[in-house]
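Participant: One structure, pasted below without further comment.
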Amino acid sequence: MTVLTVPMAETAVSVTRRTRVLRRLRRNPLAVVSFVVLALAAAVALLSPWLAPYSVDQTDFARTFAPPGTAGHLLGTDDLGRDVLSRIMLGARASLQVGLLAVATSLVVGVPLGLAAGYFRAWDAVISRFTDLLLAFPFLIMAVGLAAIRGASLGNAAVAIGIAQIPGVIRVVRSDTLRLKSLDFVAAAVVDGASDLWVLARHILPNATSVILVQATVAIPAAILGEAVLSFLGLGIQPPAPSLGTMLATAQQFAARAPWAAVLPGVVIMGLALAFNVFGDALRDALDPKGDRR
Amino acid sequence: MTTAPASTATTVLEMRDLSVSFPTETGTVSAVDGAALDLAAGEIVGMVGESGCGKSVTGMSIAGLLPGSARVTGSVRLNGTELVGARESALRRVRGREIAYIFQEPMTSLNPVLTVGRQIGEVLQVHERMSRRAAHARAVELLTLVGIPSATHRVGAYPHQLSGGMRQRVMIAMAVACGPKVLVADEPTTALDVTVQAGILQVLRDLRDRLGTSILIITHDLGVIADIADRVVVMYAGRVVERAPVTDLFARPYHHYTAGLLSASPKPGRHASTARLAEIPGLVPVLSTQPDACTFADRCPAADARCRESAPPLEVAGDGTDHLAACWHPCPPQPREANR
Amino acid sequence: MARYLLTRAWQSALTLLLSTIVVFVGVRALPGDPALALAGEDRSPEALEAIRRHYGLDQPLPVQFAQYVERVAQGDFGVSIRTGTPVSSMLTTALPVTVELSVLAIAIASLLGVGAGVLAAVRRGRPAEWFANALALIGLSVPHFWLGLLAILYLSVATGLFPASGFVPLLEDPVDNLHHIVLPAVILGTGLAAIIMRQTRSAMLDSLSSDYVRTAKAKGLRPRAVVTRHALRNSLIVVVTVVGLQLGGLISGAVVTEQIFGLPGFGKMTIDAVFQRDYPVIQAVVLLTATAYIVINFFVDLLYSVIDPRIRVTGNPA
């Protein structure tokens with residue numbers, strides 16, 4: 001029984017499809033909530049240099065390890081008497097920066113390779129070996145190597161994470177390209193004498209944007225978690241620059257004196273990652289033409 | 001709109017006033033409305049209609065195979081036992097043993113990771129409490145029965161190693177393993193080559209002759225119906241619109257939809273250049289509720305105000321008691337010649 | 001089948017060769033004189049000259065590479081700059097810890113993930129599915145090193161139920177060993193469990209709506225048989241692949257987990273080496289991880305072909 005299936009034109013990213021996706025997103029309360037959380041986080045991150053009540057480097061040795069709720073320091077202070085709220089705001093900003101930078105890295109390399117692997121048979125084997133090679137170096141090992149060669153920094157952490165995410169991008173873009181290539185409208189364009197580049201740019205890439213978008217929304221939280229891990233280990237953002245990961249490392253060091261310090265940065269990391277993951281799920285469901293996966 | 005059964009003495013399966021609807025994202029969809037049907041022992045009944053007319057849903061609802069969201073009302077009796085609303089455990093004993101199914105896509109309908117022998121044997125292990133070895137041995141016999149050469153070898157094959165026709169024979173072997181009283185074959189030949197089709201239909205006919213199985217064959221292909229069925233049920237938009245012995249129906253359709261179907265399929269002797277195949281304009285409507293009107297009215301050449309105001313009942317048409325149609329303005333005789 | 005194995009073996013070998021080249025080139029990209037890096041404490045000109053000769057640093061690059069491969073094949077990864085002990089002997093003490101931790105984590109994650117995934121798919125649209133989905137999303141989003149931190153702070157230190165750090169070899173005292181490693185393994189397994197759960201659920205939903213499951217129901221099988229024999233078996237193909245691909249993430253996770261729980265494994269060795277610029281150790285770690293990943297995924301592919309008969313013949317995953 002095929003009832004109520006509306007045939008969908010895929011020759012262009014149709015307007016009706018976009019409005020349908022948006023309508024589905026608006027109807028999903030989880031999508032709305034996660035989107036609002038992300039929008040707020042982005043606003044705070046952008047404005048944090050002005051929003052933060054203190055400078056992140058402003059130390060106050062008279063008031064170290066002030067507990068949350070202390071007058072003047074809503075979330076308390078750390079081992080050097082720096083304001084935790086300010087550091088969390090800027091730490092979240094750094095997390096988002098790394099997330100975006102990593103995903104941008106993986107897309108810039110992964111999308112063209114994925115398109116090529118899916119479209120040109122001859123390239124597939126070569127790109128597969130390249131993917132295998134990348135997969136053989138887990139992101140932490142990649143970061144270790146990069147840190148050993150170029151030193152630890154926010155940029156190097158983001159690049160290491162981004163490189164590690166390339167295989168995932170190649171995989172989804174490649175399989176979507178293979179799917180699209182087999183569709184009639186692409187075959188028609190080829191028969192009409194369109195060049196390969198034209199077909200890729202005009203027909204395949206626009207239709208693959210939805211899977212790329214979904215891939216990006218699940219890659220960003222992974223990158224945020226990756227940054228936290230690397231900074232926690234000292235392989236990412238270097239003190240005194242604020243990072244949620246290094247805050248947790250400090251908290252571990254002083255766990256006996258200030259056990260609460262280990263809670264908040266972790267909650268913020270989880271909240272960011274959760275919001276991206278929930279939104280990514282909602283987006284994927286909204287884009288699913290079958291539309292029955294909630 | 002229930003109608004008396006054509007024959008009562010040897011009736012194996014009795015369907016009365018069966019209705020099925022599904023809740024969907026955009027509201028309820030009514031798939032079947034008041035379908036009635038009888039299946040006598042050893043009889044082959046064909047059910048025809050365009051895709052989306054509710055044939056498959058009707059077939060699936062017989063043994064309660066529709067998803068849990070489906071709302072099914074009415075009655076389906078197997079040798080007098082009510083199946084609609086029966087307990088799941090009771091239905092499980094019926095499925096595969098008393099009522100068996102064959103589906104359209106033999107490739108996807110077989111489990112790709114189990115050998116065909118295992119899949120056939122499974123039915124016997126469940127219903128006949130056979131050991132795995134005995135079931136395996138019986139599977140070889142069944143494969144031979146449905147005409148698979150070197151069955152001892154093929155029993156260990158995986159579905160992807162067999163051709164489409166072979167796979168459908170495996171499906172049939174699986175279906176008849178427990179000697180079911182009723183076999184529901186949902187588009188059993190649609191996915192197959194024409195040459196393979198004839199073989200599959202021959203197997204089904206053989207089984208009826210040898211095992212006395214009643215077969216409900218669901219198809220959109222009138223050629224298949226003409227080839228194998230004893231009686232025909234024509235469905236349109238969830239309703240039975242005509243029911244007749246196969247020769248009567250082909251000789252003299254009463255419902256305009258049936259007439260349309262007949263003139264839309266090629267006939268021997270008619271050449272493409274001399275007579276175009278007629279198509280029925282429009283599509284099968286998707287209905288949220290069943291209206292009190294003829295649902296074919298919008299596509300019917302003979303429709304008038306009455307057709308749109310009240311639904312015609314399924315009544316005896318013509319001289320025979322066996323031929324029923326639901327139409328206010330039945331076709332004149334020999335409509336196919338009139339097409340010329 | 002044989003052709004499939006041969007192709008996979010050849011591909012794995014090629015990837016292994018490429019990754020060795022990457023590491024070799026990476027070592028040459030290190031800042032400073034590699035001889036200096038390899039020399040350790042003794043940095044006299046004579047010692048450096050000896051090292052250059054020993055490691056063939058005065059030879060052309062291809063020759064150097066050949067010598068490098070030869071040494072590595074013999075298990076000679078050089079000597080730790082920091083401790084002066086051969087890297088290979090450091091590895092033999094560290095690896096068992098990491099292997100045990102990872103194997104335990106995979107076992108826990110598979111059990112939890114497949115179980116919850118099947119449950120969520122079978123109980124579609126009910127509270128159980130919602131609960132499993134929410135748990136998986138959280139498992140996917142929580143930084144597990146933070147979970148480890150909290151576990152130590154609020155579980156080990158506060159209740160004393162588990163030791164906060166340290167390790168006892170398995171052969172020395174199996175019970176004490178398990179006591180030390182079970183909490184890290186659970187923490188390490190959470191992220192993987194979440195991924196496995198989500199893959200299992202979506203694969204199961206696909207299987208459960210497939211034609212062959214409809215056939216299985218039409219045969220009159222019990223729901224349990226339909227789910228396990230028909231739906232799950234097909235879903236496992238997907239799950240096995242996912243576990244193989246997640247191995248890299250697991251290795252990364254193991255490094256962090258060991259660091260937090262003070263387990264003397266491969267991960268701790270790696271982090272220490274980075275901060276001490278112990279290049280021979282880093283090099284060995286990177287090469288070994290890549291090798292492990294490639295070899296294990298080769299075996300995952302073998303397992304794959306055991307579960308899915310289609311691969312045995314066609315040589316391609318369907």
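In the structure tokens, chains take letters A, B, ... by order of appearance, with residues numbered from 1 within each chain and ligands from 1 in the order shown.
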Output the contact residues of chain C with respect to chain A at a cut-off of 9 Å, based on only C-alpha atoms, as a VMD selection string.
Facilitator: chain C and resid 11 to 12 14 to 16 18 to 19 23 26 to 27 29 to 31 137 to 138 140 to 147 149 to 150 153 to 154 245 247 to 253 255 to 256 259 to 260 270 to 271 274 to 275 277 279 282 to 283 285 to 287 289 to 294
Participant: Could you pull out all residues of stretch 148-220 of chain B with a DSSP call of strand (DSSP E) and give them as a list in words?
Facilitator: Val182, Leu183, Val184, Ala185, Asp186, Ser214, Ile215, Leu216, Ile217, Ile218 and Thr219 of chain B
Participant: Quick one: of B:Gly68, B:Gly96, B:Pro333, B:Gly80, who's nearest to chain C, counting only C-alpha atoms?
Facilitator: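 That would be B:Gly96, the residue with the smallest distance to chain C.
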Participant: Set the distance at 12 Å and use only C-alpha atoms: which residues neighbour A:Leu40 once local chain neighbours fewer than 6 positions away are removed? I'd like the list as number ranges by chain.
Facilitator: A: 33-34, 46-48, 89, 92-93, 271-272, 275
Participant: Counting only C-alpha atoms, what is within 8 Å of B:Leu143, bar same-chain residues fewer than 4 positions away, as a list in words?
Facilitator: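 Answer for this query is Ala139, Gly147, Ile148, Ala151, Val155, Arg169, Val170 and Ala173 of chain B.
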Participant: Among the residues of stretch 2-224 of chain A, find those DSSP assigns to alpha helix (DSSP H) from the backbone and print them as number ranges by chain.
Facilitator: A: 15-27, 29-51, 84-119, 121-135, 139-150, 154-181, 184-191, 196-198, 205-224
Participant: Please return, as a PyMOL selection string, all residues of chain B lying within 8 Å of chain C when only C-alpha atoms are considered.
Facilitator: chain B and resi 63+65+91-97+100-101+103+105+108-113+123+126+158+160+175
Participant: Please produce a file of the residues just selected, as an mmCIF file, in the first residue's frame, where the atoms kept are N, CA and C atoms.
Facilitator:
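New file result_39.cif:
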```cif
data_model
loop_
_atom_site.group_PDB
_atom_site.id
_atom_site.type_symbol
_atom_site.label_atom_id
_atom_site.label_comp_id
_atom_site.auth_asym_id
_atom_site.auth_seq_id
_atom_site.Cartn_x
_atom_site.Cartn_y
_atom_site.Cartn_z
ATOM 1 N N ALA B 63 -5.227 -12.851 7.998
ATOM 2 C CA ALA B 63 -4.576 -13.511 9.132
ATOM 3 C C ALA B 63 -4.031 -12.490 10.125
ATOM 4 N N LEU B 65 -2.294 -9.658 9.702
ATOM 5 C CA LEU B 65 -0.889 -9.293 9.499
ATOM 6 C C LEU B 65 -0.664 -7.785 9.354
ATOM 7 N N LEU B 91 -3.972 -16.441 16.487
ATOM 8 C CA LEU B 91 -3.639 -16.097 15.113
ATOM 9 C C LEU B 91 -2.312 -16.725 14.699
ATOM 10 N N ARG B 92 -1.379 -16.782 15.658
ATOM 11 C CA ARG B 92 -0.073 -17.375 15.346
ATOM 12 C C ARG B 92 -0.202 -18.835 14.957
ATOM 13 N N ARG B 93 -1.145 -19.539 15.615
ATOM 14 C CA ARG B 93 -1.341 -20.947 15.262
ATOM 15 C C ARG B 93 -1.959 -21.089 13.877
ATOM 16 N N VAL B 94 -2.701 -20.071 13.470
ATOM 17 C CA VAL B 94 -3.336 -20.114 12.153
ATOM 18 C C VAL B 94 -2.328 -19.778 11.052
ATOM 19 N N ARG B 95 -1.521 -18.755 11.309
ATOM 20 C CA ARG B 95 -0.554 -18.295 10.306
ATOM 21 C C ARG B 95 0.476 -19.368 9.997
ATOM 22 N N GLY B 96 0.691 -19.577 8.714
ATOM 23 C CA GLY B 96 1.714 -20.539 8.319
ATOM 24 C C GLY B 96 1.200 -21.959 8.337
ATOM 25 N N ARG B 97 0.172 -22.254 9.158
ATOM 26 C CA ARG B 97 -0.336 -23.615 9.209
ATOM 27 C C ARG B 97 -1.662 -23.746 8.460
ATOM 28 N N ALA B 100 -1.532 -19.441 4.677
ATOM 29 C CA ALA B 100 -0.144 -19.114 4.362
ATOM 30 C C ALA B 100 -0.105 -18.028 3.297
ATOM 31 N N TYR B 101 1.023 -17.341 3.226
ATOM 32 C CA TYR B 101 1.158 -16.190 2.328
ATOM 33 C C TYR B 101 2.322 -16.339 1.360
ATOM 34 N N PHE B 103 4.384 -13.472 -1.110
ATOM 35 C CA PHE B 103 4.410 -12.038 -1.370
ATOM 36 C C PHE B 103 5.036 -11.726 -2.716
ATOM 37 N N GLU B 105 7.624 -9.617 -3.698
ATOM 38 C CA GLU B 105 9.065 -9.537 -3.922
ATOM 39 C C GLU B 105 9.769 -10.715 -3.281
ATOM 40 N N THR B 108 13.186 -9.724 -1.381
ATOM 41 C CA THR B 108 13.183 -9.075 -0.074
ATOM 42 C C THR B 108 12.313 -9.836 0.931
ATOM 43 N N SER B 109 11.448 -10.715 0.425
ATOM 44 C CA SER B 109 10.574 -11.434 1.347
ATOM 45 C C SER B 109 11.270 -12.615 2.005
ATOM 46 N N LEU B 110 12.426 -12.992 1.469
ATOM 47 C CA LEU B 110 13.200 -14.053 2.100
ATOM 48 C C LEU B 110 14.320 -13.415 2.900
ATOM 49 N N ASN B 111 14.610 -14.020 4.044
ATOM 50 C CA ASN B 111 15.678 -13.479 4.882
ATOM 51 C C ASN B 111 17.032 -13.733 4.217
ATOM 52 N N PRO B 112 17.793 -12.656 3.941
ATOM 53 C CA PRO B 112 19.034 -12.821 3.185
ATOM 54 C C PRO B 112 20.121 -13.607 3.923
ATOM 55 N N VAL B 113 20.047 -13.706 5.236
ATOM 56 C CA VAL B 113 21.159 -14.330 5.957
ATOM 57 C C VAL B 113 20.869 -15.761 6.410
ATOM 58 N N VAL B 123 9.106 -23.183 9.571
ATOM 59 C CA VAL B 123 7.647 -23.311 9.665
ATOM 60 C C VAL B 123 7.293 -24.664 10.272
ATOM 61 N N VAL B 126 8.069 -24.945 13.958
ATOM 62 C CA VAL B 126 7.130 -24.235 14.817
ATOM 63 C C VAL B 126 5.787 -24.948 14.899
ATOM 64 N N TYR B 158 21.586 -19.696 -0.196
ATOM 65 C CA TYR B 158 21.031 -18.453 0.341
ATOM 66 C C TYR B 158 20.195 -17.798 -0.760
ATOM 67 N N HIS B 160 20.113 -15.017 -2.236
ATOM 68 C CA HIS B 160 20.754 -14.267 -3.321
ATOM 69 C C HIS B 160 21.403 -15.173 -4.351
ATOM 70 N N ALA B 175 5.276 -21.710 2.017
ATOM 71 C CA ALA B 175 3.876 -21.460 2.313
ATOM 72 C C ALA B 175 3.089 -22.757 2.436
#
```
Participant: Define the interface residues of chain B facing chain A as those within 8 Å, counting only C-alpha atoms, and report them as an MDAnalysis selection string.
Facilitator: chainID B and resid 51:52 54 56:57 286
